[in-house]
>>> print(open('work_21.txt').read())   # compact mmCIF, C-alpha atoms and all ligand atoms
# COMPACT_ATOMS: atom_id res chain seq x y z
CA MET A 1 -79.21 18.25 23.60
CA GLU A 2 -77.67 19.81 20.51
CA GLU A 3 -79.82 22.87 21.08
CA ILE A 4 -77.39 23.84 23.82
CA LEU A 5 -74.58 24.35 21.28
CA GLU A 6 -75.67 27.28 19.14
CA LYS A 7 -78.00 29.78 20.72
CA LYS A 8 -79.82 32.43 18.72
CA LEU A 9 -79.98 35.75 20.55
CA GLU A 10 -83.71 36.40 20.80
CA SER A 11 -85.49 39.19 22.63
CA GLY A 12 -87.23 38.35 25.91
CA PRO A 13 -88.68 40.00 29.00
CA LEU A 14 -85.30 41.35 30.16
CA ASN A 15 -83.68 44.48 28.81
CA PHE A 16 -80.27 42.80 28.52
CA GLU A 17 -78.37 45.88 27.50
CA SER A 18 -79.40 47.71 30.65
CA TYR A 19 -77.36 45.33 32.81
CA PHE A 20 -74.08 45.56 30.95
CA SER A 21 -71.23 47.83 32.03
CA GLU A 22 -70.33 50.75 29.76
CA LYS A 23 -67.20 48.88 28.77
CA ALA A 24 -69.10 45.72 27.93
CA LEU A 25 -71.50 47.75 25.79
CA LYS A 26 -68.54 48.87 23.70
CA MET A 27 -67.43 45.27 22.95
CA LYS A 28 -68.65 44.19 19.53
CA ALA A 29 -68.43 40.85 17.71
CA SER A 30 -66.80 41.20 14.34
CA GLU A 31 -68.98 40.55 11.27
CA VAL A 32 -66.02 39.09 9.44
CA ARG A 33 -65.48 36.51 12.20
CA GLU A 34 -69.12 35.50 11.90
CA LEU A 35 -68.74 35.01 8.14
CA LEU A 36 -65.49 33.09 8.60
CA LYS A 37 -67.15 30.79 11.15
CA LEU A 38 -69.46 29.61 8.35
CA VAL A 39 -66.48 29.03 6.08
CA GLU A 40 -64.84 26.62 8.52
CA THR A 41 -67.69 24.17 8.02
CA SER A 42 -67.91 24.33 4.20
CA ASP A 43 -65.81 23.24 1.18
CA VAL A 44 -64.20 26.64 0.92
CA ILE A 45 -60.38 26.59 1.05
CA SER A 46 -59.68 28.73 4.07
CA LEU A 47 -56.49 30.73 4.06
CA ALA A 48 -58.13 32.72 6.85
CA GLY A 49 -57.11 30.51 9.76
CA GLY A 50 -54.60 31.43 12.40
CA LEU A 51 -54.19 27.99 13.89
CA PRO A 52 -51.06 25.88 14.01
CA ASN A 53 -51.43 22.62 12.12
CA PRO A 54 -52.40 19.74 14.47
CA LYS A 55 -49.96 17.54 12.55
CA THR A 56 -47.18 19.49 14.29
CA PHE A 57 -48.41 18.64 17.78
CA PRO A 58 -45.88 16.30 19.45
CA LYS A 59 -48.50 13.75 20.48
CA ASP A 60 -46.13 10.85 21.21
CA ILE A 61 -43.85 12.99 23.30
CA ILE A 62 -46.83 14.32 25.27
CA LYS A 63 -48.11 10.78 25.79
CA GLY A 64 -44.81 9.75 27.37
CA ILE A 65 -44.73 12.89 29.51
CA LEU A 66 -48.29 12.29 30.76
CA GLU A 67 -47.37 8.81 31.99
CA GLU A 68 -44.30 10.16 33.73
CA ILE A 69 -46.34 12.92 35.37
CA MET A 70 -48.98 10.59 36.74
CA GLU A 71 -46.29 8.40 38.24
CA GLU A 72 -43.92 11.04 39.57
CA HIS A 73 -45.41 14.54 39.67
CA ALA A 74 -49.17 14.07 40.01
CA ASP A 75 -49.50 15.97 43.29
CA LYS A 76 -47.93 19.08 41.81
CA ALA A 77 -49.73 18.76 38.46
CA LEU A 78 -53.19 18.44 40.03
CA GLN A 79 -52.78 21.08 42.73
CA TYR A 80 -53.22 24.87 42.70
CA GLY A 81 -49.94 26.62 42.03
CA THR A 82 -48.47 30.04 42.76
CA THR A 83 -49.64 32.97 40.66
CA LYS A 84 -46.20 33.55 39.20
CA GLY A 85 -46.05 29.97 37.98
CA PHE A 86 -44.48 26.58 38.61
CA THR A 87 -40.90 27.30 39.67
CA PRO A 88 -39.15 24.47 37.75
CA LEU A 89 -40.87 25.66 34.55
CA ARG A 90 -39.88 29.28 35.24
CA LEU A 91 -36.28 28.15 35.71
CA ALA A 92 -36.35 26.06 32.53
CA ILE A 93 -37.69 29.03 30.54
CA ALA A 94 -35.02 31.29 32.05
CA GLU A 95 -32.38 28.81 30.89
CA TRP A 96 -33.93 28.69 27.40
CA LEU A 97 -33.92 32.49 27.14
CA ARG A 98 -30.31 32.68 28.29
CA LYS A 99 -28.94 29.86 26.16
CA ARG A 100 -30.95 30.31 23.03
CA TYR A 101 -31.50 34.09 22.87
CA ASN A 102 -28.68 35.46 24.97
CA ILE A 103 -31.18 37.22 27.22
CA PRO A 104 -29.33 37.88 30.49
CA THR A 105 -31.70 36.50 33.10
CA SER A 106 -29.98 37.78 36.24
CA LYS A 107 -32.14 40.94 36.20
CA VAL A 108 -35.24 39.33 34.72
CA ASP A 109 -38.18 37.71 36.44
CA ILE A 110 -40.58 35.36 34.68
CA MET A 111 -44.30 34.87 35.18
CA ILE A 112 -46.28 32.10 33.49
CA THR A 113 -49.55 33.25 31.91
CA SER A 114 -52.58 31.57 30.35
CA GLY A 115 -51.24 32.07 26.85
CA SER A 116 -49.58 35.32 25.82
CA GLN A 117 -53.09 36.60 25.21
CA GLN A 118 -53.50 36.85 28.98
CA ALA A 119 -50.19 38.66 29.21
CA LEU A 120 -51.56 41.30 26.83
CA ASP A 121 -54.65 41.80 28.96
CA LEU A 122 -52.58 42.01 32.17
CA ILE A 123 -50.31 44.59 30.54
CA GLY A 124 -53.40 46.65 29.74
CA ARG A 125 -54.56 46.37 33.36
CA VAL A 126 -51.23 47.32 34.86
CA PHE A 127 -49.99 50.02 32.52
CA LEU A 128 -52.90 51.73 30.78
CA ASN A 129 -55.08 54.60 31.92
CA PRO A 130 -57.83 55.76 29.57
CA GLY A 131 -56.29 58.07 27.00
CA ASP A 132 -52.70 56.83 27.47
CA LEU A 133 -50.74 56.82 24.25
CA VAL A 134 -49.85 53.36 22.91
CA VAL A 135 -47.85 52.86 19.73
CA VAL A 136 -48.86 49.93 17.56
CA GLU A 137 -47.68 48.72 14.19
CA ALA A 138 -50.02 49.31 11.25
CA PRO A 139 -51.11 46.56 10.77
CA THR A 140 -50.87 44.87 14.17
CA TYR A 141 -52.13 41.76 15.97
CA LEU A 142 -55.91 42.10 16.12
CA ALA A 143 -56.39 40.48 19.53
CA ALA A 144 -53.77 42.76 21.09
CA LEU A 145 -55.95 45.68 20.04
CA GLN A 146 -58.96 43.87 21.53
CA ALA A 147 -57.09 43.31 24.80
CA PHE A 148 -55.86 46.90 25.05
CA ASN A 149 -59.18 48.43 23.89
CA PHE A 150 -60.77 47.49 27.19
CA TYR A 151 -58.42 49.93 28.91
CA GLU A 152 -59.25 52.70 26.41
CA PRO A 153 -55.84 53.91 25.30
CA GLN A 154 -55.27 56.21 22.36
CA TYR A 155 -53.36 54.53 19.56
CA ILE A 156 -50.54 55.94 17.51
CA GLN A 157 -50.12 53.85 14.35
CA VAL A 158 -46.70 53.40 12.80
CA PRO A 159 -46.49 51.75 9.38
CA LEU A 160 -44.42 48.69 8.53
CA ASP A 161 -42.24 47.89 5.56
CA ASP A 162 -40.21 44.78 4.72
CA GLU A 163 -37.83 45.61 7.59
CA GLY A 164 -40.53 45.88 10.26
CA MET A 165 -41.80 48.96 12.05
CA ARG A 166 -40.70 52.25 10.44
CA ILE A 167 -38.68 53.51 13.38
CA ASP A 168 -37.84 56.73 11.52
CA ILE A 169 -41.56 57.53 11.35
CA LEU A 170 -41.94 56.58 15.02
CA GLU A 171 -39.16 59.01 15.90
CA GLU A 172 -40.84 61.80 14.00
CA LYS A 173 -44.14 61.13 15.77
CA LEU A 174 -42.46 61.02 19.19
CA ARG A 175 -40.79 64.35 18.53
CA LYS A 176 -44.08 65.98 17.52
CA LEU A 177 -45.94 64.52 20.49
CA LYS A 178 -43.27 65.73 22.88
CA ALA A 179 -43.52 69.23 21.44
CA GLU A 180 -47.26 69.05 22.26
CA GLY A 181 -46.42 67.98 25.82
CA LYS A 182 -47.57 64.39 25.24
CA ARG A 183 -45.77 61.19 26.19
CA VAL A 184 -46.05 57.71 24.73
CA LYS A 185 -46.17 55.14 27.51
CA LEU A 186 -45.90 51.88 25.66
CA VAL A 187 -44.84 50.55 22.27
CA TYR A 188 -46.33 47.18 21.28
CA THR A 189 -44.49 45.26 18.60
CA VAL A 190 -44.44 41.77 17.09
CA PRO A 191 -40.94 42.22 15.69
CA THR A 192 -40.31 38.72 14.34
CA PHE A 193 -42.49 37.15 11.59
CA GLN A 194 -45.19 39.61 12.46
CA ASN A 195 -48.86 38.75 12.69
CA PRO A 196 -50.39 39.70 10.29
CA ALA A 197 -47.66 41.00 7.97
CA GLY A 198 -44.99 38.29 8.29
CA VAL A 199 -42.13 40.84 8.28
CA THR A 200 -39.20 40.99 10.71
CA MET A 201 -37.67 44.10 12.25
CA THR A 202 -33.96 44.44 11.45
CA GLU A 203 -31.33 44.52 14.19
CA GLU A 204 -30.54 48.13 13.36
CA ARG A 205 -34.16 49.16 13.88
CA ARG A 206 -34.36 47.16 17.12
CA LYS A 207 -31.38 49.12 18.46
CA HIS A 208 -32.87 52.39 17.27
CA LEU A 209 -36.17 51.54 18.97
CA LEU A 210 -34.35 50.96 22.27
CA GLU A 211 -32.53 54.28 21.91
CA LEU A 212 -35.86 56.02 21.42
CA ALA A 213 -37.34 54.17 24.41
CA SER A 214 -34.55 55.57 26.52
CA GLU A 215 -34.76 59.08 25.09
CA TYR A 216 -38.56 59.34 25.27
CA ASP A 217 -39.00 57.12 28.34
CA PHE A 218 -41.44 54.43 27.24
CA ILE A 219 -41.60 50.67 27.69
CA ILE A 220 -41.63 48.12 24.89
CA VAL A 221 -43.80 45.01 24.71
CA GLU A 222 -42.01 42.48 22.49
CA ASP A 223 -44.60 39.84 21.55
CA ASP A 224 -42.79 36.84 20.06
CA PRO A 225 -44.99 33.82 19.42
CA TYR A 226 -43.40 32.92 16.07
CA GLY A 227 -39.67 33.57 16.64
CA GLU A 228 -38.70 29.89 16.57
CA LEU A 229 -40.43 29.25 13.24
CA ARG A 230 -37.67 30.43 10.89
CA TYR A 231 -37.58 28.86 7.42
CA SER A 232 -34.86 31.01 5.82
CA GLY A 233 -32.55 33.96 6.51
CA LYS A 234 -30.49 34.72 9.59
CA PRO A 235 -31.71 35.05 13.20
CA VAL A 236 -32.03 38.57 14.59
CA PRO A 237 -31.41 39.28 18.29
CA LYS A 238 -34.47 39.64 20.47
CA ILE A 239 -35.10 43.25 21.50
CA LYS A 240 -35.01 41.96 25.08
CA ALA A 241 -31.46 40.67 24.52
CA LEU A 242 -30.37 44.24 23.68
CA ASP A 243 -32.29 45.87 26.54
CA THR A 244 -29.92 47.29 29.16
CA GLU A 245 -32.48 49.38 31.08
CA GLY A 246 -35.23 46.85 31.79
CA ARG A 247 -37.67 48.57 29.43
CA VAL A 248 -38.68 45.48 27.49
CA LEU A 249 -41.41 43.07 28.51
CA TYR A 250 -40.80 39.92 26.47
CA LEU A 251 -43.83 37.71 25.76
CA GLY A 252 -43.30 34.08 24.82
CA THR A 253 -45.74 31.22 24.33
CA PHE A 254 -45.89 27.45 23.95
CA SER A 255 -48.79 27.76 21.50
CA LYS A 256 -46.74 27.37 18.32
CA ILE A 257 -43.92 25.18 19.64
CA LEU A 258 -45.90 22.70 21.74
CA ALA A 259 -49.68 23.11 21.41
CA PRO A 260 -52.06 26.04 21.97
CA GLY A 261 -54.51 23.86 23.90
CA PHE A 262 -52.29 24.04 26.98
CA ARG A 263 -52.81 27.84 27.06
CA LEU A 264 -49.31 28.52 28.29
CA GLY A 265 -47.27 31.65 27.80
CA TRP A 266 -44.85 33.73 29.80
CA ILE A 267 -43.72 37.30 30.45
CA ALA A 268 -40.04 37.95 31.06
CA GLY A 269 -39.27 41.39 32.42
CA GLU A 270 -37.92 43.67 35.07
CA PRO A 271 -38.93 42.28 38.53
CA HIS A 272 -40.84 45.44 39.57
CA PHE A 273 -43.03 45.13 36.49
CA ILE A 274 -43.52 41.38 36.98
CA ARG A 275 -44.50 41.91 40.64
CA LYS A 276 -47.34 44.23 39.66
CA LEU A 277 -48.43 41.94 36.83
CA GLU A 278 -48.49 39.07 39.31
CA ILE A 279 -50.81 41.00 41.64
CA ALA A 280 -53.03 41.81 38.66
CA LYS A 281 -53.19 38.13 37.68
CA GLN A 282 -54.15 36.92 41.15
CA SER A 283 -57.72 38.09 40.84
CA VAL A 284 -58.06 36.84 37.27
CA ASP A 285 -57.30 33.13 37.65
CA LEU A 286 -55.20 32.60 40.82
CA CYS A 287 -52.72 30.66 38.72
CA THR A 288 -52.16 29.28 35.22
CA ASN A 289 -53.24 25.66 34.91
CA SER A 290 -50.76 23.55 36.83
CA PHE A 291 -51.11 20.41 34.75
CA GLY A 292 -50.01 22.11 31.55
CA GLN A 293 -47.13 23.79 33.35
CA VAL A 294 -45.77 20.46 34.51
CA VAL A 295 -46.10 19.08 30.96
CA ALA A 296 -44.22 22.06 29.54
CA TRP A 297 -41.52 21.70 32.19
CA ARG A 298 -40.88 18.05 31.26
CA TYR A 299 -41.02 19.01 27.55
CA LEU A 300 -38.26 21.58 28.07
CA GLU A 301 -36.18 19.69 30.63
CA GLY A 302 -36.30 16.47 28.61
CA GLY A 303 -34.78 18.30 25.61
CA HIS A 304 -37.92 17.61 23.54
CA LEU A 305 -38.58 21.22 22.57
CA GLU A 306 -35.16 21.62 21.02
CA LYS A 307 -35.63 18.46 18.97
CA HIS A 308 -39.22 19.18 17.98
CA ILE A 309 -38.74 22.70 16.59
CA PRO A 310 -36.87 21.50 13.46
CA ARG A 311 -39.76 19.12 12.72
CA ILE A 312 -42.29 21.97 12.83
CA ILE A 313 -40.07 24.02 10.53
CA GLU A 314 -39.73 21.13 8.11
CA PHE A 315 -43.52 20.84 8.02
CA TYR A 316 -44.30 24.54 7.48
CA LYS A 317 -41.48 25.58 5.18
CA PRO A 318 -42.80 23.85 2.00
CA ARG A 319 -46.20 25.40 2.68
CA ARG A 320 -44.72 28.88 2.87
CA ASN A 321 -42.82 28.19 -0.33
CA ALA A 322 -45.95 26.86 -2.03
CA MET A 323 -47.87 30.01 -1.17
CA LEU A 324 -45.10 32.33 -2.38
CA GLU A 325 -44.85 30.37 -5.65
CA ALA A 326 -48.62 30.42 -6.18
CA LEU A 327 -48.78 34.17 -5.56
CA GLU A 328 -46.02 34.67 -8.11
CA GLN A 329 -47.79 32.45 -10.62
CA TYR A 330 -51.37 33.71 -10.35
CA MET A 331 -51.58 37.24 -8.95
CA PRO A 332 -52.28 40.00 -11.46
CA GLU A 333 -50.07 43.04 -11.78
CA GLY A 334 -50.55 45.66 -9.07
CA VAL A 335 -50.91 43.11 -6.26
CA LYS A 336 -48.03 43.05 -3.76
CA TRP A 337 -47.21 40.71 -0.89
CA THR A 338 -44.61 40.16 1.83
CA ARG A 339 -42.01 37.38 1.71
CA PRO A 340 -41.77 36.17 5.32
CA GLU A 341 -38.70 34.28 6.48
CA GLY A 342 -40.83 32.49 9.06
CA GLY A 343 -44.08 32.46 11.01
CA MET A 344 -47.52 31.65 9.68
CA PHE A 345 -48.73 34.54 7.53
CA ILE A 346 -48.30 36.42 4.27
CA TRP A 347 -49.73 39.90 3.89
CA VAL A 348 -51.21 40.93 0.57
CA ILE A 349 -51.65 44.53 -0.57
CA LEU A 350 -54.19 45.04 -3.33
CA PRO A 351 -54.59 48.04 -5.63
CA GLU A 352 -56.20 50.84 -3.62
CA LYS A 353 -59.55 50.72 -5.35
CA ILE A 354 -60.25 47.18 -4.10
CA ASN A 355 -62.00 46.80 -0.75
CA ALA A 356 -60.91 43.43 0.68
CA THR A 357 -63.73 43.42 3.26
CA THR A 358 -66.53 43.66 0.72
CA MET A 359 -64.68 41.33 -1.68
CA LEU A 360 -64.66 38.51 0.91
CA GLU A 361 -68.17 37.35 0.15
CA LYS A 362 -67.32 37.05 -3.57
CA ALA A 363 -64.16 35.12 -2.73
CA VAL A 364 -66.11 32.72 -0.52
CA LYS A 365 -68.51 32.12 -3.43
CA LYS A 366 -65.48 31.20 -5.52
CA GLY A 367 -64.35 28.82 -2.77
CA VAL A 368 -61.58 30.64 -0.93
CA ALA A 369 -61.44 32.70 2.27
CA TYR A 370 -58.93 35.12 3.79
CA VAL A 371 -58.95 37.64 6.61
CA PRO A 372 -59.58 41.19 5.36
CA GLY A 373 -56.82 43.45 6.65
CA GLU A 374 -59.02 46.26 7.95
CA ALA A 375 -59.37 44.86 11.49
CA PHE A 376 -55.60 44.75 11.94
CA PHE A 377 -55.42 48.55 11.87
CA ALA A 378 -56.18 50.35 15.12
CA TYR A 379 -58.31 52.89 13.23
CA ARG A 380 -59.57 50.45 10.57
CA ASP A 381 -58.50 52.99 8.00
CA VAL A 382 -56.93 50.69 5.38
CA LYS A 383 -59.25 48.58 3.22
CA ASN A 384 -57.09 47.10 0.45
CA THR A 385 -55.15 44.43 2.38
CA MET A 386 -55.59 40.83 3.48
CA ARG A 387 -53.88 38.19 5.62
CA LEU A 388 -53.23 34.71 4.25
CA ASN A 389 -52.28 31.74 6.43
CA PHE A 390 -50.05 29.00 5.04
CA THR A 391 -49.78 26.59 7.98
CA TYR A 392 -53.21 25.04 8.05
CA VAL A 393 -54.01 23.73 4.56
CA ASP A 394 -51.83 21.43 2.43
CA GLU A 395 -49.71 22.61 -0.49
CA ASP A 396 -52.11 21.59 -3.28
CA LYS A 397 -54.96 23.42 -1.57
CA ILE A 398 -52.76 26.46 -1.04
CA GLN A 399 -52.07 26.48 -4.78
CA GLU A 400 -55.76 26.12 -5.66
CA GLY A 401 -56.82 28.65 -3.00
CA VAL A 402 -54.43 31.32 -4.27
CA LYS A 403 -55.59 30.65 -7.84
CA ARG A 404 -59.24 31.22 -6.84
CA LEU A 405 -58.25 34.33 -4.94
CA ALA A 406 -56.38 35.72 -7.94
CA GLU A 407 -59.46 35.12 -10.11
CA THR A 408 -61.62 37.02 -7.62
CA ILE A 409 -59.17 39.92 -7.57
CA LYS A 410 -58.98 40.06 -11.38
CA GLU A 411 -62.75 40.49 -11.53
CA GLU A 412 -62.49 43.50 -9.20
CA LEU A 413 -59.86 45.24 -11.29
C1 LIG A 501 -48.88 38.16 17.84
C2 LIG A 501 -49.60 37.24 18.75
N1 LIG A 501 -49.59 37.46 20.06
C3 LIG A 501 -50.22 36.66 20.92
C4 LIG A 501 -50.93 35.56 20.47
C5 LIG A 501 -51.67 34.73 21.48
O1 LIG A 501 -51.07 33.53 21.68
P1 LIG A 501 -51.40 32.56 22.88
O2 LIG A 501 -51.93 31.32 22.26
O3 LIG A 501 -50.10 32.35 23.57
O4 LIG A 501 -52.39 33.23 23.78
C6 LIG A 501 -50.98 35.28 19.11
C7 LIG A 501 -51.75 34.13 18.63
O5 LIG A 501 -52.00 33.91 17.50
C8 LIG A 501 -50.31 36.14 18.23
O6 LIG A 501 -50.32 35.95 16.89
>>> encode(input="work_21.txt", output="structure tokens", more="lines below")
Ligand SMILES: Cc1ncc(COP(=O)(O)O)c(C=O)c1O
Amino acid sequence: MEEILEKKLESGPLNFESYFSEKALKMKASEVRELLKLVETSDVISLAGGLPNPKTFPKDIIKGILEEIMEEHADKALQYGTTKGFTPLRLAIAEWLRKRYNIPTSKVDIMITSGSQQALDLIGRVFLNPGDLVVVEAPTYLAALQAFNFYEPQYIQVPLDDEGMRIDILEEKLRKLKAEGKRVKLVYTVPTFQNPAGVTMTEERRKHLLELASEYDFIIVEDDPYGELRYSGKPVPKIKALDTEGRVLYLGTFSKILAPGFRLGWIAGEPHFIRKLEIAKQSVDLCTNSFGQVVAWRYLEGGHLEKHIPRIIEFYKPRRNAMLEALEQYMPEGVKWTRPEGGMFIWVILPEKINATTMLEKAVKKGVAYVPGEAFFAYRDVKNTMRLNFTYVDEDKIQEGVKRLAETIKEEL
């Protein structure tokens, strides 16, 4: 039966390509992902992962909740639900957003999605015509690009520094585009503990971004899967909390604060936008899985989330520290990296002559893997960067992994 698991793509009597849509023909598997798949099964220390550590999953809490559900809420948990989501969960999220982030929920509607990944796809469906201008950070979240690509927008890349997206550069680009009669429709940002760069946009820049949104009439997608994972520094207001015009669609997820296996996220935004997103979701999956929604509702309502977040932080913080210390200790001169106050990733910038994509194979031979940065750029135009994850492997392996990586880099210099 194992033959069912991994299928080789062999030629046969059918001309497979001739059946695919034009859009499907444009979808390509990434070579790097294929290489990294091999790494997951070997002795290589993988700093390439993007997964939360299973040791942070609140298994005992979930066990208790499951018993409670089967006794008291089974009919709801096992039934189809509404497309917008299970109302008690939507209310509990609204309360969380209000209490914890100061997001005024009187003018906000909330729809539950199958992870925030689905929210990204629905946003593409609802807002993007081919050729529409979408601003993304450079680098940005790879799977957001994959989701949007299907709708064929044109990307405008705006670089990051330690204070997040360079809003001054965005402003300059907006001005030029306007002079050419062009309008940006949507700005996508991961403003807090960014994936892949780990940096956080300052409050000042968040305000400036909102001013520009108003002046140039675009909407902002604030994707915030890591916001709760802060290990140092001071909290920054959510862009949504500063949004007075309803221009911000706020994406949240249970993936990093409960468990990604539930596939539960949400979009909080202006009701007109949510209504259209709801219609778009209907044909995709009718509703997000009800069982998970009931679990998440009990998790929130029972006060478990609030108590569990500090435990996740306590688990990840020493790993972040270990990686920063190892980078300091081993990296040769000319290599730079970000110093994230939270999240899961550190971004490394190598001297320009090093190509991190071609170096990966050498690194794997030395027993360490990372994600080359190229794929995080909409135009794949930067080759000398990489993303390192510090949540998945233990501190001693982080130390050894960074040491091996530094040795690989030294040989390229
Ligand atoms: C920036 C960003 N957005 C969205 C997602 C998707 O998360 P979810 O598991 O909620 O679909 C991730 C997951 O890693 C992410 O890093």
>>> residues_near_ligand(input="work_21.txt", ligand="ligand LIG 501 (chain A)", cutoff="7 Å", atoms="only C-alpha atoms and all ligand atoms", output="PyMOL selection string")
chain A and resi 50+114-118+141+144+190+194-195+223-225+253-255+260+263-265
>>> write_last_selection(input="work_21.txt", atoms="C-alpha atoms", output="PDB file, in the frame of the given file")
ATOM      1  CA  GLY A  50     -54.600  31.430  12.400  1.00  0.00           C
ATOM      2  CA  SER A 114     -52.580  31.570  30.350  1.00  0.00           C
ATOM      3  CA  GLY A 115     -51.240  32.070  26.850  1.00  0.00           C
ATOM      4  CA  SER A 116     -49.580  35.320  25.820  1.00  0.00           C
ATOM      5  CA  GLN A 117     -53.090  36.600  25.210  1.00  0.00           C
ATOM      6  CA  GLN A 118     -53.500  36.850  28.980  1.00  0.00           C
ATOM      7  CA  TYR A 141     -52.130  41.760  15.970  1.00  0.00           C
ATOM      8  CA  ALA A 144     -53.770  42.760  21.090  1.00  0.00           C
ATOM      9  CA  VAL A 190     -44.440  41.770  17.090  1.00  0.00           C
ATOM     10  CA  GLN A 194     -45.190  39.610  12.460  1.00  0.00           C
ATOM     11  CA  ASN A 195     -48.860  38.750  12.690  1.00  0.00           C
ATOM     12  CA  ASP A 223     -44.600  39.840  21.550  1.00  0.00           C
ATOM     13  CA  ASP A 224     -42.790  36.840  20.060  1.00  0.00           C
ATOM     14  CA  PRO A 225     -44.990  33.820  19.420  1.00  0.00           C
ATOM     15  CA  THR A 253     -45.740  31.220  24.330  1.00  0.00           C
ATOM     16  CA  PHE A 254     -45.890  27.450  23.950  1.00  0.00           C
ATOM     17  CA  SER A 255     -48.790  27.760  21.500  1.00  0.00           C
ATOM     18  CA  PRO A 260     -52.060  26.040  21.970  1.00  0.00           C
ATOM     19  CA  ARG A 263     -52.810  27.840  27.060  1.00  0.00           C
ATOM     20  CA  LEU A 264     -49.310  28.520  28.290  1.00  0.00           C
ATOM     21  CA  GLY A 265     -47.270  31.650  27.800  1.00  0.00           C
TER      22      GLY A 265
END
>>> atom_distance(input="work_21.txt", atom1="CA of Leu229 (chain A)", atom2="CA of Thr83 (chain A)")
29.2 Å
>>> atom_distance(input="work_21.txt", atom1="CA of Phe377 (chain A)", atom2="CA of Tyr250 (chain A)")
22.4 Å
>>> residues_around(input="work_21.txt", residues="Gln154 (chain A)", least_positions_apart="6", cutoff="9 Å", atoms="all atoms listed in the file", output="list in words")
Pro130, Gly131, Asp132, Leu133, Val134 and Val135 of chain A
>>> atom_distance(input="work_21.txt", atom1="CA of Thr140 (chain A)", atom2="CA of Phe376 (chain A)")
5.2 Å
>>> closest_residue(input="work_21.txt", among="A:Leu212, A:Ile349, A:Ile93, A:Val371", to="Thr105 (chain A)", atoms="only C-alpha atoms")
A:Ile93
>>> closest_residue(input="work_21.txt", among="A:Pro139, A:Ile312, A:Glu95, A:Leu9", to="Lys55 (chain A)", atoms="all atoms listed in the file")
A:Ile312
>>> closest_residue(input="work_21.txt", among="A:Glu374, A:Glu203, A:Glu211, A:Glu278", to="Ile112 (chain A)", atoms="only C-alpha atoms")
A:Glu278
>>> build_atoms(input="work_21.txt", residues="region 110-120 of chain A", atoms="N, CA, C and O atoms", output="tab-separated table (two decimals), in the frame of the given file")
chain	number	residue	atom	x	y	z
A	110	ILE	N	-39.70	35.99	35.67
A	110	ILE	CA	-40.58	35.36	34.68
A	110	ILE	C	-41.89	34.97	35.34
A	110	ILE	O	-41.88	34.36	36.42
A	111	MET	N	-43.00	35.33	34.70
A	111	MET	CA	-44.30	34.87	35.18
A	111	MET	C	-44.98	34.07	34.07
A	111	MET	O	-44.99	34.49	32.91
A	112	ILE	N	-45.55	32.93	34.46
A	112	ILE	CA	-46.28	32.10	33.49
A	112	ILE	C	-47.70	32.66	33.37
A	112	ILE	O	-48.33	33.02	34.37
A	113	THR	N	-48.20	32.72	32.14
A	113	THR	CA	-49.55	33.25	31.91
A	113	THR	C	-50.39	32.22	31.13
A	113	THR	O	-49.85	31.28	30.56
A	114	SER	N	-51.69	32.44	31.12
A	114	SER	CA	-52.58	31.57	30.35
A	114	SER	C	-52.53	32.02	28.89
A	114	SER	O	-53.41	32.72	28.39
A	115	GLY	N	-51.48	31.61	28.21
A	115	GLY	CA	-51.24	32.07	26.85
A	115	GLY	C	-50.70	33.49	26.88
A	115	GLY	O	-50.84	34.20	27.89
A	116	SER	N	-50.05	33.92	25.78
A	116	SER	CA	-49.58	35.32	25.82
A	116	SER	C	-50.75	36.27	25.68
A	116	SER	O	-50.64	37.46	25.98
A	117	GLN	N	-51.90	35.74	25.27
A	117	GLN	CA	-53.09	36.60	25.21
A	117	GLN	C	-53.40	37.17	26.60
A	117	GLN	O	-53.73	38.34	26.74
A	118	GLN	N	-53.26	36.33	27.63
A	118	GLN	CA	-53.50	36.85	28.98
A	118	GLN	C	-52.46	37.90	29.36
A	118	GLN	O	-52.77	38.89	30.02
A	119	ALA	N	-51.23	37.68	28.91
A	119	ALA	CA	-50.19	38.66	29.21
A	119	ALA	C	-50.58	40.03	28.65
A	119	ALA	O	-50.40	41.07	29.30
A	120	LEU	N	-51.16	40.03	27.44
A	120	LEU	CA	-51.56	41.30	26.83
A	120	LEU	C	-52.63	41.99	27.67
A	120	LEU	O	-52.58	43.20	27.91
